[in-house]
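Participant: Handing over start-v3.txt, compact mmCIF, C-alpha atoms.
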# COMPACT_ATOMS: atom_id res chain seq x y z
CA MET B 3 73.54 116.00 150.49
CA LEU B 4 74.55 117.83 153.66
CA LEU B 5 72.94 115.13 155.75
CA ILE B 6 74.72 112.42 153.80
CA LEU B 7 78.00 114.19 154.25
CA GLY B 8 77.30 114.77 157.94
CA VAL B 9 77.93 118.49 157.74
CA ALA B 10 75.84 120.63 159.97
CA TYR B 11 74.26 123.76 158.50
CA ALA B 12 73.27 126.28 161.13
CA HIS B 13 73.45 129.94 162.32
CA TRP B 14 73.76 131.59 165.60
CA THR B 15 70.25 132.80 166.43
CA ASP B 16 68.54 134.68 169.23
CA THR B 17 65.02 136.03 169.85
CA VAL B 18 63.34 139.02 171.38
CA VAL B 19 59.62 138.66 172.13
CA ILE B 20 57.21 141.53 172.55
CA ASN B 21 54.12 140.44 174.44
CA THR B 22 51.29 142.84 173.85
CA THR B 23 47.97 142.88 175.64
CA VAL B 24 45.37 145.24 174.20
CA LYS B 25 42.41 145.95 176.43
CA MET B 26 39.84 147.49 174.14
CA GLY B 27 37.62 150.28 175.31
CA GLU B 28 33.88 150.31 175.26
CA PHE B 29 31.53 152.58 173.34
CA ILE B 30 28.11 152.87 174.93
CA VAL B 31 25.88 155.91 175.01
CA GLY B 32 22.39 155.60 176.42
CA ILE B 33 19.67 156.97 178.64
CA LEU B 34 20.53 156.68 182.29
CA ASP B 35 18.53 154.23 184.32
CA GLY B 36 15.92 155.97 186.49
CA SER B 37 16.58 159.41 185.09
CA VAL B 38 13.25 159.98 183.34
CA ILE B 39 10.89 162.54 184.86
CA MET B 40 7.64 163.30 183.07
CA GLU B 41 5.04 166.01 183.53
CA GLU B 42 1.74 166.42 181.68
CA THR B 43 0.03 169.80 181.42
CA THR B 44 -2.84 171.44 179.60
CA ASN B 45 -2.30 175.08 178.70
CA GLY B 46 0.65 174.86 181.08
CA VAL B 47 -1.44 173.61 184.02
CA PRO B 48 -1.69 169.95 185.13
CA GLU B 49 -5.11 168.46 184.34
CA GLU B 50 -5.70 167.66 188.01
CA GLU B 51 -5.40 171.34 188.95
CA PHE B 52 -8.31 172.44 186.76
CA SER B 53 -11.72 173.05 188.24
CA PRO B 54 -13.23 170.53 187.92
CA PRO B 55 -10.06 168.40 187.73
CA LYS B 56 -9.69 166.15 184.73
CA PRO B 57 -6.60 164.01 185.31
CA TRP B 58 -8.00 161.16 183.23
CA VAL B 59 -8.45 162.87 179.87
CA CYS B 60 -5.05 162.42 178.26
CA ASN B 61 -2.30 160.25 179.61
CA ALA B 62 1.26 159.49 178.64
CA THR B 63 3.56 156.66 179.52
CA VAL B 64 7.31 156.58 179.06
CA MET B 65 9.13 153.29 178.91
CA LEU B 66 12.82 152.54 178.46
CA CYS B 67 13.91 149.40 176.68
CA ASN B 68 16.93 147.75 175.05
CA SER B 69 19.33 148.01 177.94
CA GLU B 70 23.07 147.76 177.64
CA THR B 71 25.44 147.35 180.55
CA SER B 72 28.99 148.58 180.53
CA GLU B 73 31.53 145.96 181.53
CA HIS B 74 34.15 148.49 182.46
CA HIS B 75 32.28 150.25 185.22
CA VAL B 76 32.42 149.13 188.82
CA PRO B 77 29.62 148.63 189.68
CA PRO B 78 28.33 147.93 186.15
CA GLN B 79 26.44 150.83 184.59
CA THR B 80 23.22 150.11 182.71
CA VAL B 81 21.86 152.53 180.16
CA TRP B 82 18.88 152.22 177.82
CA LYS B 83 18.97 152.57 174.08
CA LYS B 84 15.33 153.26 173.37
CA MET B 85 12.65 155.47 174.92
CA ILE B 86 9.05 154.66 174.01
CA ILE B 87 6.50 157.40 174.67
CA THR B 88 2.82 156.54 174.31
CA ILE B 89 0.21 159.28 174.50
CA ASP B 90 -3.46 158.31 174.60
CA ASN B 91 -6.46 160.55 173.95
CA ALA B 92 -4.47 163.65 173.11
CA TYR B 93 -6.09 166.98 172.33
CA PRO B 94 -4.93 170.47 171.37
CA GLN B 95 -2.93 172.39 173.97
CA TRP B 96 -2.08 169.24 175.87
CA ASP B 97 1.65 169.27 176.59
CA LEU B 98 4.20 166.70 177.62
CA HIS B 99 7.49 167.57 179.31
CA ILE B 100 10.13 164.87 179.66
CA ASN B 101 13.48 165.25 181.36
CA PHE B 102 16.08 162.53 181.14
CA THR B 103 19.83 162.08 181.26
CA ILE B 104 22.10 160.78 178.55
CA LYS B 105 25.24 159.11 179.80
CA ASN B 106 28.38 158.04 178.06
CA ALA B 107 28.62 154.75 179.90
CA GLY B 108 31.62 153.56 177.92
CA THR B 109 35.28 154.43 178.10
CA ILE B 110 35.71 156.22 174.78
CA PRO B 111 34.56 159.81 174.17
CA ALA B 112 31.51 159.93 171.95
CA LYS B 113 30.65 162.64 169.53
CA LEU B 114 27.15 163.42 168.34
CA MET B 115 27.06 162.58 164.66
CA GLY B 116 23.52 163.38 163.71
CA ILE B 117 19.85 163.31 164.53
CA THR B 118 17.34 161.78 162.16
CA PHE B 119 13.57 162.12 162.29
CA SER B 120 10.85 160.04 160.74
CA GLY B 121 7.14 160.18 161.31
CA LYS B 122 3.91 158.76 160.06
CA ASP B 123 0.23 159.55 160.24
CA VAL B 124 -0.96 155.98 160.64
CA LYS B 125 -4.61 156.70 159.80
CA ASP B 126 -3.78 158.45 156.52
CA ASP B 127 -0.70 156.29 155.84
CA ALA B 128 1.20 159.52 155.14
CA ASN B 129 4.64 160.69 156.15
CA LEU B 130 5.17 163.48 158.66
CA ASN B 131 7.79 166.17 158.22
CA TYR B 132 9.27 168.81 160.48
CA VAL B 133 10.42 172.39 160.43
CA LEU B 134 13.35 173.40 162.61
CA GLU B 135 12.63 177.02 163.47
CA GLU B 136 15.50 177.54 165.87
CA SER B 137 18.74 175.66 166.38
CA TYR B 138 21.51 177.28 168.39
CA TYR B 139 23.89 176.87 171.28
CA ASP B 140 22.94 178.91 174.33
CA THR B 141 26.24 179.61 176.02
CA GLY B 142 24.46 180.90 179.12
CA LEU B 143 22.58 177.65 179.58
CA GLY B 144 25.35 175.52 178.19
CA ALA B 145 22.81 173.77 176.02
CA TYR B 146 21.77 173.28 172.44
CA ILE B 147 18.20 174.43 171.80
CA PHE B 148 16.14 172.91 169.01
CA LYS B 149 12.68 174.33 168.41
CA GLY B 150 10.22 173.58 165.65
CA TYR B 151 7.09 171.74 164.68
CA VAL B 152 5.91 168.58 162.98
CA TYR B 153 3.35 168.76 160.18
CA ASP B 154 1.47 166.27 158.09
CA GLU B 155 0.76 165.82 154.38
CA ARG B 156 -1.61 168.81 154.37
CA GLY B 157 1.43 171.09 154.59
CA ARG B 158 3.21 173.47 156.93
CA LYS B 159 0.06 175.39 157.73
CA TYR B 160 -1.19 172.34 159.60
CA PRO B 161 1.24 171.72 162.46
CA ILE B 162 0.47 168.68 164.57
CA LEU B 163 2.77 169.41 167.46
CA ASN B 164 5.43 171.83 168.53
CA PHE B 165 8.66 170.49 169.95
CA ARG B 166 11.47 172.00 171.96
CA ILE B 167 14.57 170.07 172.89
CA GLU B 168 17.24 171.32 175.27
CA ALA B 169 20.40 169.21 175.33
CA TYR B 170 22.88 170.25 178.01
CA VAL B 171 26.00 169.09 176.21
CA PRO B 172 29.29 170.84 175.40
CA GLU B 173 29.31 173.02 172.31
CA ASP B 174 31.55 170.53 170.51
CA VAL B 175 28.94 167.82 171.26
CA GLN B 176 31.58 165.51 172.66
CA LEU B 177 30.30 163.35 175.48
CA GLU B 178 33.05 162.25 177.81
CA PRO B 179 33.10 158.82 179.46
CA CYS B 180 31.32 158.53 182.80
CA THR B 181 29.66 161.89 182.28
CA GLU B 182 25.96 162.62 182.38
CA TYR B 183 24.14 165.15 180.21
CA PRO B 184 20.57 166.29 180.99
CA VAL B 185 18.08 166.58 178.12
CA SER B 186 14.56 167.97 178.15
CA VAL B 187 11.91 167.38 175.51
CA ASP B 188 8.67 169.39 175.37
CA LEU B 189 5.79 168.44 173.08
CA ASP B 190 2.71 170.59 172.59
CA ILE B 191 -0.26 169.27 170.57
CA LYS B 192 -1.56 171.87 168.11
CA GLN B 193 -5.12 172.83 167.22
CA THR B 194 -4.68 171.52 163.67
CA ALA B 195 -3.88 167.99 164.82
CA GLU B 196 -6.66 165.74 163.61
CA GLU B 197 -9.16 163.92 165.79
CA CYS B 198 -8.80 160.13 166.09
CA HIS B 199 -5.49 160.05 164.21
CA THR B 200 -2.42 158.20 165.39
CA TYR B 201 0.93 159.89 164.86
CA LYS B 202 4.14 157.90 165.17
CA LEU B 203 7.37 159.85 165.57
CA THR B 204 10.88 158.45 165.73
CA LEU B 205 13.99 160.41 166.64
CA THR B 206 17.33 158.64 166.29
CA ILE B 207 20.43 160.24 167.80
CA ASP B 208 23.68 158.81 166.45
CA PHE B 209 27.06 158.94 168.17
CA ILE B 210 30.45 158.03 166.82
CA GLN B 211 33.87 157.48 168.38
CA TRP B 212 35.28 160.95 168.96
CA ASN B 213 38.26 160.64 166.63
CA LYS B 214 36.17 159.57 163.65
CA ALA B 215 33.62 162.33 163.67
CA GLY B 216 35.54 164.47 161.20
CA GLU B 217 35.87 161.66 158.69
CA VAL B 218 32.17 160.94 158.42
CA GLY B 219 30.89 164.46 158.66
CA GLY B 220 29.95 164.33 162.28
CA ALA B 221 28.75 167.34 164.24
CA MET E 17 59.73 137.81 140.37
CA VAL E 18 57.68 140.26 142.41
CA SER E 19 59.82 142.63 144.40
CA ARG E 20 59.34 143.05 148.16
CA SER E 21 58.26 146.69 147.82
CA LYS E 22 55.57 145.88 145.26
CA LEU E 23 54.25 143.10 147.47
CA LEU E 24 53.98 145.48 150.42
CA GLY E 25 52.11 147.91 148.18
CA ILE E 26 49.35 145.55 147.15
CA THR E 27 48.93 143.88 150.54
CA PRO E 28 46.42 146.45 152.00
CA LEU E 29 44.36 146.28 148.84
CA MET E 30 44.27 142.49 149.01
CA LEU E 31 43.29 142.73 152.66
CA VAL E 32 40.32 144.95 151.86
CA VAL E 33 39.24 142.61 149.05
CA MET E 34 39.55 139.60 151.32
CA LEU E 35 37.59 141.31 154.11
CA SER E 36 34.88 142.11 151.61
CA ILE E 37 34.77 138.52 150.41
CA VAL E 38 34.41 137.13 153.91
CA GLY E 39 31.80 139.77 154.75
CA VAL E 40 33.73 141.76 157.33
CA ALA E 41 32.80 145.45 157.43
CA TYR E 42 35.40 148.15 157.88
CA SER E 43 33.67 150.63 160.12
CA HIS E 44 33.74 152.91 163.13
CA TRP E 45 32.48 152.44 166.60
CA MET E 46 29.00 153.91 166.60
CA ASP E 47 26.05 153.95 168.92
CA SER E 48 22.60 155.45 168.87
CA ILE E 49 19.65 156.34 171.04
CA THR E 50 16.09 156.17 169.71
CA ILE E 51 13.03 157.99 170.99
CA GLU E 52 9.76 156.63 169.67
CA ALA E 53 6.56 158.54 170.36
CA THR E 54 3.06 157.40 169.52
CA VAL E 55 0.36 160.03 169.83
CA ASN E 56 -3.19 158.71 169.76
CA MET E 57 -5.45 161.71 169.27
CA GLY E 58 -8.82 161.86 170.99
CA SER E 59 -12.09 163.08 169.49
CA LEU E 60 -14.53 165.84 170.29
CA THR E 61 -18.09 165.21 169.13
CA LEU E 62 -21.17 166.88 170.56
CA ALA E 63 -24.44 165.37 169.36
CA PHE E 64 -28.11 165.13 170.14
CA ASP E 65 -28.78 161.87 171.89
CA SER E 66 -29.90 158.99 169.70
CA TYR E 67 -31.47 157.12 172.61
CA GLU E 68 -34.04 159.67 173.76
CA PRO E 69 -36.03 161.55 171.08
CA PRO E 70 -36.93 165.21 171.58
CA ALA E 71 -40.33 165.98 173.12
CA CYS E 72 -42.75 168.88 172.64
CA LEU E 73 -44.76 169.91 175.68
CA GLU E 74 -47.63 172.38 175.29
CA TYR E 75 -48.76 174.66 178.09
CA HIS E 76 -51.21 177.43 178.77
CA GLU E 77 -50.91 180.10 181.40
CA VAL E 78 -53.48 180.90 184.05
CA ASP E 79 -52.78 183.65 186.62
CA GLY E 80 -49.05 183.42 186.12
CA GLU E 81 -48.91 179.61 186.36
CA LEU E 82 -48.33 177.09 183.60
CA PHE E 83 -50.69 174.19 183.08
CA PRO E 84 -50.15 171.28 180.66
CA GLY E 85 -51.93 171.34 177.32
CA GLU E 86 -53.66 174.14 175.48
CA CYS E 87 -56.34 176.34 176.88
CA GLU E 88 -59.70 174.64 177.44
CA GLY E 89 -58.19 171.29 176.41
CA LYS E 90 -58.20 172.18 172.72
CA ASP E 91 -55.68 170.92 170.19
CA VAL E 92 -55.10 173.97 168.02
CA GLY E 93 -51.37 174.49 167.69
CA LYS E 94 -49.10 171.62 166.87
CA CYS E 95 -45.45 170.99 167.60
CA GLU E 96 -43.26 168.23 166.24
CA ALA E 97 -39.55 167.75 166.90
CA TRP E 98 -37.06 165.27 165.51
CA TYR E 99 -33.37 164.80 164.95
CA GLU E 100 -31.57 164.79 161.59
CA ASP E 101 -28.02 164.44 160.25
CA SER E 102 -26.79 161.39 162.05
CA VAL E 103 -23.15 161.36 163.08
CA THR E 104 -20.89 158.59 164.34
CA ASP E 105 -17.72 159.32 166.27
CA ASP E 106 -14.83 157.53 164.56
CA HIS E 107 -13.08 156.95 167.83
CA THR E 108 -15.85 155.62 170.05
CA GLY E 109 -18.25 154.30 167.42
CA LYS E 110 -21.09 156.06 169.25
CA SER E 111 -23.82 157.77 167.23
CA GLY E 112 -26.03 160.78 167.58
CA TYR E 113 -27.47 163.62 165.53
CA LYS E 114 -26.24 167.07 164.64
CA THR E 115 -29.57 168.81 164.00
CA LEU E 116 -32.76 169.17 166.00
CA VAL E 117 -35.73 170.22 163.87
CA ILE E 118 -38.72 171.79 165.60
CA ASN E 119 -41.80 172.33 163.46
CA ILE E 120 -44.57 174.43 165.01
CA THR E 121 -47.73 174.85 162.96
CA ASN E 122 -50.92 176.84 163.46
CA ALA E 123 -49.37 178.80 166.28
CA TYR E 124 -51.24 181.70 167.88
CA PRO E 125 -50.54 184.37 170.52
CA GLN E 126 -49.94 182.92 173.99
CA TYR E 127 -49.40 179.47 172.52
CA ILE E 128 -46.61 178.09 174.73
CA VAL E 129 -44.49 175.13 173.81
CA HIS E 130 -41.39 173.71 175.49
CA VAL E 131 -39.09 171.39 173.58
CA VAL E 132 -36.99 169.03 175.67
CA PHE E 133 -33.89 167.48 174.16
CA VAL E 134 -30.70 165.75 175.26
CA VAL E 135 -27.14 166.54 174.25
CA HIS E 136 -24.56 163.80 174.46
CA ASN E 137 -20.77 163.86 174.40
CA ILE E 138 -20.04 160.91 172.12
CA GLY E 139 -16.31 161.71 171.81
CA THR E 140 -13.40 161.15 174.18
CA ILE E 141 -12.56 164.71 175.25
CA PRO E 142 -14.64 166.74 177.74
CA ILE E 143 -16.71 169.45 176.06
CA ASP E 144 -17.49 172.85 177.47
CA LEU E 145 -20.94 173.90 176.36
CA ALA E 146 -19.88 177.47 176.01
CA GLY E 147 -23.05 179.12 174.76
CA PHE E 148 -25.55 179.31 171.97
CA ASN E 149 -26.61 181.59 169.20
CA ILE E 150 -30.13 182.08 167.92
CA THR E 151 -30.87 183.47 164.50
CA GLY E 152 -33.91 183.32 162.27
CA GLU E 153 -36.07 184.89 159.65
CA LYS E 154 -39.70 185.70 159.01
CA ARG E 155 -41.24 184.44 155.78
CA LYS E 156 -44.48 184.78 153.93
CA GLY E 157 -44.68 181.75 151.70
CA ASP E 158 -41.22 181.44 150.12
CA LYS E 159 -40.48 185.15 150.43
CA LYS E 160 -38.22 186.39 153.20
CA ILE E 161 -39.69 189.39 154.99
CA CYS E 162 -36.95 190.14 157.54
CA ASP E 163 -34.39 188.67 159.90
CA LEU E 164 -35.15 187.73 163.47
CA LEU E 165 -32.79 189.02 166.16
CA TRP E 166 -32.44 187.57 169.66
CA ASP E 167 -31.86 189.75 172.71
CA GLY E 168 -31.36 186.96 175.25
CA SER E 169 -35.02 186.42 176.04
CA GLY E 170 -37.01 187.12 172.92
CA LEU E 171 -36.96 187.21 169.14
CA TRP E 172 -37.47 190.50 167.40
CA GLU E 173 -38.39 191.24 163.82
CA ASP E 174 -35.67 193.44 162.32
CA LEU E 175 -38.16 195.57 160.45
CA ASN E 176 -35.73 198.33 159.49
CA LYS E 177 -33.16 195.73 158.44
CA ASN E 178 -30.20 197.34 160.15
CA GLY E 179 -29.06 194.19 161.98
CA VAL E 180 -29.67 195.54 165.50
CA ILE E 181 -32.69 195.67 167.78
CA ASP E 182 -33.85 199.26 167.97
CA THR E 183 -36.88 201.50 167.71
CA GLY E 184 -39.32 200.24 165.13
CA ASP E 185 -38.49 196.56 165.63
CA LYS E 186 -41.05 194.40 167.42
CA GLU E 187 -40.76 191.38 169.66
CA VAL E 188 -42.79 188.45 168.36
CA ILE E 189 -41.66 185.37 170.29
CA ASN E 190 -40.41 184.90 173.81
CA LEU E 191 -37.62 182.35 173.52
CA SER E 192 -35.44 181.05 176.30
CA ILE E 193 -33.12 178.11 176.59
CA THR E 194 -32.20 176.38 179.82
CA ASP E 195 -29.10 178.31 180.47
CA ASN E 196 -26.75 176.73 182.91
CA MET E 197 -23.92 177.34 180.49
CA PRO E 198 -21.05 177.16 180.51
CA PHE E 199 -20.84 173.66 181.86
CA GLN E 200 -18.68 170.69 181.10
CA LEU E 201 -19.99 167.55 179.53
CA ASP E 202 -17.59 164.68 180.05
CA PRO E 203 -17.29 161.86 177.51
CA CYS E 204 -20.27 159.46 177.61
CA ASN E 205 -22.29 161.97 179.64
CA LYS E 206 -25.60 163.53 178.64
CA ASN E 207 -27.42 166.68 179.59
CA LYS E 208 -31.11 167.38 179.25
CA MET E 209 -31.93 170.85 177.95
CA GLU E 210 -35.01 172.78 176.98
CA ILE E 211 -36.07 175.54 174.59
CA ASP E 212 -39.22 177.44 175.52
CA PHE E 213 -41.35 179.33 173.00
CA GLU E 214 -44.20 181.68 173.75
CA PHE E 215 -45.79 183.49 170.83
CA LYS E 216 -46.65 187.09 171.44
CA GLN E 217 -49.60 189.13 170.33
CA GLU E 218 -47.38 190.91 167.78
CA ALA E 219 -46.68 187.72 165.83
CA GLU E 220 -48.38 187.90 162.47
CA GLU E 221 -51.00 185.57 161.12
CA CYS E 222 -50.12 183.14 158.30
CA HIS E 223 -46.43 183.88 158.48
CA THR E 224 -43.62 181.42 159.04
CA TYR E 225 -40.82 181.96 161.51
CA ILE E 226 -37.65 179.96 160.84
CA ILE E 227 -35.44 179.78 163.93
CA VAL E 228 -31.97 178.28 164.10
CA VAL E 229 -30.41 177.61 167.48
CA THR E 230 -26.70 176.75 167.43
CA ILE E 231 -25.16 175.27 170.56
CA TYR E 232 -21.42 175.77 170.84
CA GLY E 233 -19.23 173.13 172.40
CA VAL E 234 -15.48 173.57 172.69
CA GLN E 235 -12.70 171.41 174.05
CA TRP E 236 -12.80 171.77 177.81
CA ASN E 237 -9.46 173.59 178.09
CA LYS E 238 -10.39 176.31 175.59
CA SER E 239 -13.64 177.59 177.04
CA LEU E 240 -12.09 180.67 178.56
CA GLU E 241 -10.72 181.73 175.20
CA VAL E 242 -14.13 181.67 173.49
If you convert what's in this file into structure tokens, what do you get?
Facilitator:
Amino acid sequence: MLLILGVAYAHWTDTVVINTTVKMGEFIVGILDGSVIMEETTNGVPEEEFSPPKPWVCNATVMLCNSETSEHHVPPQTVWKKMIITIDNAYPQWDLHINFTIKNAGTIPAKLMGITFSGKDVKDDANLNYVLEESYYDTGLGAYIFKGYVYDERGRKYPILNFRIEAYVPEDVQLEPCTEYPVSVDLDIKQTAEECHTYKLTLTIDFIQWNKAGEVGGA
Amino acid sequence: MVSRSKLLGITPLMLVVMLSIVGVAYSHWMDSITIEATVNMGSLTLAFDSYEPPACLEYHEVDGELFPGECEGKDVGKCEAWYEDSVTDDHTGKSGYKTLVINITNAYPQYIVHVVFVVHNIGTIPIDLAGFNITGEKRKGDKKICDLLWDGSGLWEDLNKNGVIDTGDKEVINLSITDNMPFQLDPCNKNKMEIDFEFKQEAEECHTYIIVVTIYGVQWNKSLEV
């Protein structure tokens, strides 16, 4: 009708435009490339220092895999998501000491959310469990100390190995971007570990964006 | 007609439903590190060697020297030795025996017999042969007369049954074992050893002496503790 009548229908209009560019951060926590140092001992002494020396009896290898590289770092920072430890021909009182560094290679603070353990005695097809004997923050060291042992289906009287973990992180377990945190893990094979058995242990350490930790029950 | 405020109210709910339908998760940024450890335990198995059987060697003594065989070439005493209780190491699949049986019959004073045997580490961990223990008893038929006690070089009849060698007990058998212990026996390695018997004048006729020799092997890093 308006067109037929030739009457224009219009308003006065104007526009304001907001151009927004959001550069998202990056959330990567991993084990720092080249940070792993390993030492093997028997009764606290390296096998090669015994008389006669026996460096060949038990051996461990540590391998890092599943790398992830931060795009925000210059130069790019690579960290590893998985550490695989293989111990061959273990025996009681043989110990393994591993030092490594965890790095928040992203740009967002990360908060430790939880640690989960699973284990299996492959020969008996039975689950392994653990007892955490000590868990505290040593303010002098500036580290969390976790100490306990892993046992098999025979019960707590049959520990397979002792463990001690020292994590040099802040008490609020918040890992800041570009910051490195040393961790040490000590394993000590116990007398009640069984001959010719294979024990598989998995420790998963979960991190969450710092501002969400409270919502999901983070540490 | 749906009002503007009601529409705004149900929009987030619809969004969640739609995200669920298209399979989009509403989540946090999370990351994890995993440490996987595999511990393959070794094995410790000390056995008598299945390849070389034990051997009995008879001797007689003349002017402080040993000569092979019995005196005057006779065949009076008899010694037999064999292994029993076979064992196979789960880890290596190697076999051996856990028991050495020595059967000496028709023995007499100054009858000397040496039994040679081989111990074998069929496991994967070095073994310290830390020592041995010798026990025994004297029997007449099926009846136990007394225990035998070892003083490091000979076996004594514990006649007063007090568990220690003292006045009134008598030494009946000289018994020694090649004693280079403690020594380490690495996996796959063998060591030849020997037990020597010499029957003394005090040994009684028609009696039976049962002797048990236990050789102790411990994991190489624990020898000092035992």
Participant: Can you write out as a tab-separated table which residues of chain B fall within 9 Å of chain E, alongside each residue's closest atom pair and its distance in Å to one decimal, counting all atoms listed in the file and ordering rows by chain and ascending residue number?
Facilitator:
residue	atom	partner	partner_atom	distance
B:Phe29	CA	E:Trp45	CA	6.8
B:Ile30	CA	E:Asp47	CA	6.4
B:Val31	CA	E:Asp47	CA	6.4
B:Gly32	CA	E:Ile49	CA	6.1
B:Ile33	CA	E:Ile49	CA	7.6
B:Thr44	CA	E:Asn237	CA	7.1
B:Asn45	CA	E:Asn237	CA	7.3
B:Phe52	CA	E:Asn237	CA	8.8
B:Pro54	CA	E:Gln200	CA	8.7
B:Lys56	CA	E:Pro142	CA	8.6
B:Val59	CA	E:Ile141	CA	6.5
B:Cys60	CA	E:Gly58	CA	8.2
B:Ala62	CA	E:Val55	CA	8.9
B:Val64	CA	E:Ala53	CA	8.9
B:Trp82	CA	E:Ile49	CA	8.0
B:Lys83	CA	E:Ile49	CA	4.9
B:Lys84	CA	E:Thr50	CA	4.7
B:Met85	CA	E:Ile51	CA	4.7
B:Ile86	CA	E:Glu52	CA	4.8
B:Ile87	CA	E:Ala53	CA	4.5
B:Thr88	CA	E:Thr54	CA	4.9
B:Ile89	CA	E:Val55	CA	4.7
B:Asp90	CA	E:Asn56	CA	4.9
B:Asn91	CA	E:Gly58	CA	4.0
B:Ala92	CA	E:Met57	CA	4.4
B:Tyr93	CA	E:Gly58	CA	6.0
B:Pro94	CA	E:Gln235	CA	8.3
B:Gln95	CA	E:Asn237	CA	7.8
B:Trp96	CA	E:Asn237	CA	8.8
B:Ala112	CA	E:Met46	CA	8.4
B:Ala195	CA	E:Met57	CA	7.9
B:Glu196	CA	E:Met57	CA	7.1
B:Glu197	CA	E:Ser59	CA	4.8
B:Cys198	CA	E:Met57	CA	4.9
B:His199	CA	E:Met57	CA	5.3
B:Thr200	CA	E:Asn56	CA	4.5
B:Tyr201	CA	E:Val55	CA	5.0
B:Lys202	CA	E:Thr54	CA	4.5
B:Leu203	CA	E:Ala53	CA	5.0
B:Thr204	CA	E:Glu52	CA	4.5
B:Leu205	CA	E:Ile51	CA	5.1
B:Thr206	CA	E:Thr50	CA	4.4
B:Ile207	CA	E:Ile49	CA	5.1
B:Asp208	CA	E:Ser48	CA	4.3
B:Phe209	CA	E:Asp47	CA	5.1
B:Ile210	CA	E:Met46	CA	4.4
B:Gln211	CA	E:Trp45	CA	5.5
B:Lys214	CA	E:His44	CA	7.1
Participant: Residues around (3.7, 172.6, 159.1), cut-off 7 Å, counting all atoms listed in the file - what are they as a ChimeraX atom specification?
Facilitator: /B:132-133,151-154,157-161
Participant: Between B:Ser69, B:Ser37, B:Asn101, B:Thr63, which one has atoms that come closest to Val187 of chain B, using only C-alpha atoms?
Facilitator: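 Ranked by minimum distance to Val187 of chain B, first place goes to B:Asn101.
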Participant: Extract, using all atoms listed in the file, all DNA, RNA and protein residues at most 6 Å from Leu189 of chain B, discarding same-chain residues fewer than 3 positions from it, and format them as a ChimeraX atom specification.
Facilitator: /B:97-98,164-165
Participant: Hey, can you check how far atom CA of Tyr127 of chain E sits from atom CA of Glu220 of chain E?
Facilitator: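 That distance, rounded to one decimal, is 13.2 Å.
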Participant: As a PyMOL selection string, please: the residues near Leu201 of chain E (cut-off 10 Å, all atoms listed in the file, same-chain neighbours under 5 positions excluded).
Facilitator: chain E and resi 62+135-138+141-145+206-207+233+235-236
Participant: Could you write out the selected residues, including C-alpha atoms, as an mmCIF file, keeping the file's coordinate frame?
Facilitator:
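In the end it all went to result.cif:
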data_model
loop_
_atom_site.group_PDB
_atom_site.id
_atom_site.type_symbol
_atom_site.label_atom_id
_atom_site.label_comp_id
_atom_site.auth_asym_id
_atom_site.auth_seq_id
_atom_site.Cartn_x
_atom_site.Cartn_y
_atom_site.Cartn_z
ATOM 1 C CA LEU E 62 -21.170 166.880 170.560
ATOM 2 C CA VAL E 135 -27.140 166.540 174.250
ATOM 3 C CA HIS E 136 -24.560 163.800 174.460
ATOM 4 C CA ASN E 137 -20.770 163.860 174.400
ATOM 5 C CA ILE E 138 -20.040 160.910 172.120
ATOM 6 C CA ILE E 141 -12.560 164.710 175.250
ATOM 7 C CA PRO E 142 -14.640 166.740 177.740
ATOM 8 C CA ILE E 143 -16.710 169.450 176.060
ATOM 9 C CA ASP E 144 -17.490 172.850 177.470
ATOM 10 C CA LEU E 145 -20.940 173.900 176.360
ATOM 11 C CA LYS E 206 -25.600 163.530 178.640
ATOM 12 C CA ASN E 207 -27.420 166.680 179.590
ATOM 13 C CA GLY E 233 -19.230 173.130 172.400
ATOM 14 C CA GLN E 235 -12.700 171.410 174.050
ATOM 15 C CA TRP E 236 -12.800 171.770 177.810
#
Participant: As an exercise, work out the distance from atom CA of Val175 of chain B to atom CA of Lys122 of chain B in Å and give it to one decimal place.
Facilitator: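 If I compute the distance from atom CA of Val175 of chain B to atom CA of Lys122 of chain B, I get 28.9 Å.
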Participant: Go ahead and compute the interatomic distance for atom CA of Tyr183 of chain B and atom CA of Thr103 of chain B, in Å to one decimal.
Facilitator: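 Value for the atom CA of Tyr183 of chain B-atom CA of Thr103 of chain B distance: 5.4 Å.
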Participant: Would you list the residues near (-31.9, 185.3, 168.0) (no more than 12 Å away, in the coordinates of the file, using all atoms listed in the file) as a ChimeraX atom specification?
Facilitator: /E:148-154,163-174,179-181,187-193,225-230
Participant: Point out the residue among E:Gln217, E:Ser66, E:Ser239, E:Asn176 with the least atom-to-atom distance to Tyr99 of chain E, counting all atoms listed in the file.
Facilitator: E:Ser66
Participant: Which of these residues is nearest to Gln126 of chain E, using only C-alpha atoms: E:Gly147, E:Gly93, E:Pro198, E:Pro69?
Facilitator: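 Of E:Gly147, E:Gly93, E:Pro198, E:Pro69, the one nearest Gln126 of chain E, counting only C-alpha atoms, is E:Gly93.
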Participant: Residues at most 7 Å from Ser186 of chain B, counting all atoms listed in the file, excluding those fewer than 6 positions away in the same chain, as an MDAnalysis selection string?
Facilitator: chainID B and resid 100:102 167:169
